Amino acid sequence: MTDLRLPSDMAELRPALGEIVAQGREQAPYFTVLLSSKYGLTIQIDNREEHVTERTPSAGTVLSAFDGHTIYERAINGFQRDEVEKAAQELVRETDFANYKPADEPQRSGDFVSPMQIDPADLSIQEKLDRCRELHRRLNGRDPRIVNCQIGYVELSEHSIFASQYADLAQRVQRVRLFLVVVVASEDGQIQYDYTSKSGGAGWEVLNFTDDEIQKLVDSAVALLSAKRIEAGEYQVIAAPGVSGVICHESFGHGVETDMFLKQRARAAHFIDRTVGSSLVNIVDDPSRPGEYGSYFFDDEGRMASPTQVVENGLFRRGITDFYSATALDIPRSANGRRQDYSRKAYARMSNTYFDAGTSTLDEMLAQVDHGIFLDKWSSGMEDPQGWGIQVTCHYGHEIKGGKITDRVFSPIGISGYVPDVLQSISAVSTGVSLDAGTCGKGHKESVPVASGGPHLLLKASLG
Amino acid sequence: MLNKIIDALNKRSDLAGWTVRHLINRSAQVYAVPRQTEAQRAAGIEQYKVDVLRHTTGSDGSAAVGSGNATLLPGGDIESAIEKAVLTAGLVANPIHTIPGPAPLPDVPLIDVDIQRNASAVTKAAMERIQTSAARNKDVHLTAAECFGDIETTLLVNSRGIEAEQEETRISIEFVLHGQRGDHEVETFTELRRRRLADLNIEKEMEQRTHHTLDLFEAQAPLSRQGPVILRGNVLGTFLAGDGPRGGVLHNLGSAASKYAKFSSWEIGKSVFRTEVKGDPLTVWANRRIPFGTFSNSFDEEGLPAQRVELIRNNELLAFSASQRYADYLGLPATGEFGGVELPLGQSQSSELLKEPYVEVIQFSWFTPDFVTGDFATEIRLGYIVEDGTRKPFRGGQLIGNFLDALANVHWSAETGFFGSYMGPHTARFNDLKLAGQAQ
């Protein structure tokens, strides 16, 4: 058994969950309990001040019962046994649940912890602060145009226990992220900035920056002072892995969340086993990918994490599910039922979503571009699962001329277009996959940590 | 428990100040999918948020302060939480700043009494109104809807003698209208947030969005063009005030925190524009006193009373929105959180602003300007090209420009409205924005 240290109040309630589930099931055959505790820490250092802030924690219990049509839930603060039992009794009185007979599931149990070499819990705040200060010292003063440098450290620690007729699961999921931001000013007062980050579902061992990486960030921030707006039009584009990830996330990530199928919001529902991209396109969602920011061992509905092949050689194969939509649509479940926190419902959500690797090298891809744009860095994206429109905003990109990336830089750059056209235009995919951490919303709410990425992609897109 | 926390904080001799907020949130949530209710939820959150300020010493030996925080759940270990916050505060050394003292609090209306009384009933009733409205048109169908009703109470106490309490309500609605003609499917997605249900005309919104949904059947990708762009109502509110607590470009560039961090180049007494102003002069209030405004309150997280701050007058920056900390750092008055955006009424009737030709944007995919530079390139979900007496729908393409350059060349309507986080002219005509679509 993995050494999982649960918060004491969660650990105290855990032995009683079997009895609470059994009592709930007397009235509601589908009855589950989720205990969820989320804690986070933020450190921010810049040239003028320092902040160390505990992120607002959440800790609560979700009791769920299903009558075959509607999920009824009680979400209560904390893990007090008497309050949980009282809420469970109230919940099962709400309607007649007895007619719904849940499908059999495999028995599963276990305790899980994110793989870590340097567990943030083993470092004091002073040690974390000192690491951030040291990084700030390495970043600051590299160019006279720098007016501020920021280091931002975020750690998110999530403990959860899921109990049902079939499951007795507990996990600690640890996520860390370290941002570097450089703010520069020109003589005429123009302000620009650039940023980079490292992250993982891991410990501090993934947060190391080399001097080259730091200098590259400073150079790109300074270069942005002479950035121009791009002439709108269609371009040959090479997307860096982070940009590839956002294209993936906004197209066949959100677009294949099966609650969107149920709500008739996803055009992909009509394209199962049909072509949606070039044969080079393979898209995967995988919460079990070790060490990534969007990883977990089981979802908030007790499903064990495993990879889902969403697009295979250009053919859309299947979506990612939550319990409700999978049940209503009568499709196989995947481990993607996730909640922002205990106070919110579960939806079908992404985990680590990425284009799988191809066989080309970046140099081979560049050699195919006479005039185009290398999209270096994304800043935001938005989904349109029904219209299959795509919006990805890039912080900047560089001109490609004669197969070489030039110093000419454009900022910002919007990518728009029709998802199948964009995916169909992918003509080369590089080896290697890397993922960026992000926060994903359903619309503008329901934030969950995710990662997205891929290799470099060569494609055509409308830029503006 | 609040008194125990206060007693524990008062016993400490190593603090320069402290603030405690006792927050209680109750939420009723109802979710609908086609033909049935997907989920009904009741959720509760109760927390005690403690912020402490401690005297420390800078690396050069100068006097400094550090801050730390902790959040306690009912029954939590008070002493260890405070000790952790105090230890954290002792680790950092920032320039000295203070916490606010007591001041009269304005009476800002924030409550929907019906939500306060029975949030579950209000959310279910709102859902029924959405479903009934949607059923009126057989050509579109409601495929998803969510209604949340929230009641939040805050009791704030600090070491300088502030003791304040406020209660606020929120109603949040989302709905999706879907249309299908053969294989051609279209949808519109709508999100609305207000403090009270009475500020949402659900039936009118549904009717408008039904028209928009049907128009999407005819919408084509636009041709590229440059010229006047009209924004009205909620989309104008999103443009000016953003679509979340982070606000928009005005919030960022007008904030003392951004000025201190050198993200904002704005200077008091100088124009906020980098170009010649060709349109109406810009005046902006950062207003936390907008009645029932979604970013309004009686006091903010520090306990600073709500203000209506004249941020910009006739293009010139008059003030920054400043928390106590950044007010102390920059020698400015402490205004507290930004709140909503308020603009004065314009000089033109809407009918004058709607002089053809123009492009009207009804919905962006997501308006995400760069908060530092103001540059934007945003995909359009639905718009209209209005010329030669016709109103032709389009979808796709990007609206391209710079937020500040756009505000330097805009005319505002004399008709005003309230849109949750924005109050002011209902219609704006931006005279020179670029629509990037297909090549002409």
# chains A, B, ... in the order shown; residues from 1 in each chain; ligands from 1
$ interface_residues --of "chain A" --to "chain B" --cutoff "6 Å" --atoms "only C-alpha atoms" --output "PDB file with N, CA and C atoms, in the first residue's frame"
ATOM      1  N   GLU A  49       8.254  43.507  -4.318  1.00  0.00           N
ATOM      2  CA  GLU A  49       7.566  42.916  -3.163  1.00  0.00           C
ATOM      3  C   GLU A  49       7.455  41.408  -3.289  1.00  0.00           C
ATOM      4  N   THR A  70     -32.331  11.808 -12.836  1.00  0.00           N
ATOM      5  CA  THR A  70     -31.733  12.994 -12.225  1.00  0.00           C
ATOM      6  C   THR A  70     -30.765  12.555 -11.133  1.00  0.00           C
ATOM      7  N   ILE A  71     -29.620  13.232 -11.082  1.00  0.00           N
ATOM      8  CA  ILE A  71     -28.695  13.024  -9.963  1.00  0.00           C
ATOM      9  C   ILE A  71     -29.064  14.029  -8.876  1.00  0.00           C
ATOM     10  N   TYR A  72     -29.315  13.514  -7.701  1.00  0.00           N
ATOM     11  CA  TYR A  72     -29.584  14.380  -6.545  1.00  0.00           C
ATOM     12  C   TYR A  72     -28.335  14.392  -5.674  1.00  0.00           C
ATOM     13  N   GLU A  73     -27.972  15.590  -5.215  1.00  0.00           N
ATOM     14  CA  GLU A  73     -26.745  15.669  -4.421  1.00  0.00           C
ATOM     15  C   GLU A  73     -26.912  16.584  -3.216  1.00  0.00           C
ATOM     16  N   ARG A  74     -26.192  16.201  -2.182  1.00  0.00           N
ATOM     17  CA  ARG A  74     -25.988  17.087  -1.037  1.00  0.00           C
ATOM     18  C   ARG A  74     -24.483  17.324  -0.937  1.00  0.00           C
ATOM     19  N   ALA A  75     -24.082  18.576  -0.935  1.00  0.00           N
ATOM     20  CA  ALA A  75     -22.660  18.923  -0.822  1.00  0.00           C
ATOM     21  C   ALA A  75     -22.489  19.732   0.442  1.00  0.00           C
ATOM     22  N   ILE A  76     -21.829  19.157   1.411  1.00  0.00           N
ATOM     23  CA  ILE A  76     -21.739  19.824   2.709  1.00  0.00           C
ATOM     24  C   ILE A  76     -20.289  20.091   3.081  1.00  0.00           C
ATOM     25  N   ASN A  77     -20.158  21.111   3.876  1.00  0.00           N
ATOM     26  CA  ASN A  77     -18.864  21.555   4.373  1.00  0.00           C
ATOM     27  C   ASN A  77     -18.240  20.475   5.265  1.00  0.00           C
ATOM     28  N   LYS A 263     -26.358  17.228 -24.686  1.00  0.00           N
ATOM     29  CA  LYS A 263     -27.014  18.539 -24.822  1.00  0.00           C
ATOM     30  C   LYS A 263     -27.074  18.982 -26.281  1.00  0.00           C
ATOM     31  N   SER A 343     -18.394  21.729  -4.029  1.00  0.00           N
ATOM     32  CA  SER A 343     -19.631  22.504  -4.107  1.00  0.00           C
ATOM     33  C   SER A 343     -20.223  22.520  -5.516  1.00  0.00           C
ATOM     34  N   GLN A 391     -11.003  29.319 -31.787  1.00  0.00           N
ATOM     35  CA  GLN A 391     -10.306  30.551 -31.439  1.00  0.00           C
ATOM     36  C   GLN A 391      -9.142  30.214 -30.522  1.00  0.00           C
ATOM     37  N   GLY A 414      -4.190  35.895 -33.577  1.00  0.00           N
ATOM     38  CA  GLY A 414      -5.381  35.064 -33.378  1.00  0.00           C
ATOM     39  C   GLY A 414      -5.448  34.009 -34.467  1.00  0.00           C
TER      40      GLY A 414
END
$ residues_around --residues "Gln27 in chain A" --least-positions-apart "3" --cutoff "7 Å" --atoms "only C-alpha atoms" --output "ChimeraX atom specification"
/A:24,92,97-98
$ write_last_selection --atoms "N, CA and C atoms" --output "PDB file, in the first residue's frame"
ATOM      1  N   GLY A  24     -27.380   4.316   2.669  1.00  0.00           N
ATOM      2  CA  GLY A  24     -27.925   5.075   1.551  1.00  0.00           C
ATOM      3  C   GLY A  24     -28.499   4.163   0.487  1.00  0.00           C
ATOM      4  N   VAL A  92     -31.775  10.779   0.518  1.00  0.00           N
ATOM      5  CA  VAL A  92     -32.529   9.620   0.019  1.00  0.00           C
ATOM      6  C   VAL A  92     -34.028   9.774   0.215  1.00  0.00           C
ATOM      7  N   PHE A  97     -35.807   6.531  -5.350  1.00  0.00           N
ATOM      8  CA  PHE A  97     -34.639   6.105  -6.115  1.00  0.00           C
ATOM      9  C   PHE A  97     -34.659   4.604  -6.434  1.00  0.00           C
ATOM     10  N   ALA A  98     -35.614   3.878  -5.850  1.00  0.00           N
ATOM     11  CA  ALA A  98     -35.507   2.416  -5.829  1.00  0.00           C
ATOM     12  C   ALA A  98     -35.603   1.779  -7.203  1.00  0.00           C
TER      13      ALA A  98
END
$ closest_residue --among "B:Arg288, B:His22, B:Lys392, B:Arg313" --to "Glu165 in chain B" --atoms "only C-alpha atoms"
B:His22
$ closest_residue --among "B:Ile151, B:Leu353, B:Val108, B:Leu345" --to "Ile24 in chain B" --atoms "only C-alpha atoms"
B:Ile151
$ residues_around --residues "Gly237 in chain B" --least-positions-apart "5" --cutoff "7 Å" --atoms "only C-alpha atoms" --output "ChimeraX atom specification"
/B:419,421-422
$ write_last_selection --atoms "C-alpha atoms" --output "PDB file, in the first residue's frame"
ATOM      1  CA  PHE B 419     -25.669  45.060 -17.698  1.00  0.00           C
ATOM      2  CA  SER B 421     -20.833  44.683 -14.377  1.00  0.00           C
ATOM      3  CA  TYR B 422     -21.330  47.694 -16.661  1.00  0.00           C
TER       4      TYR B 422
END
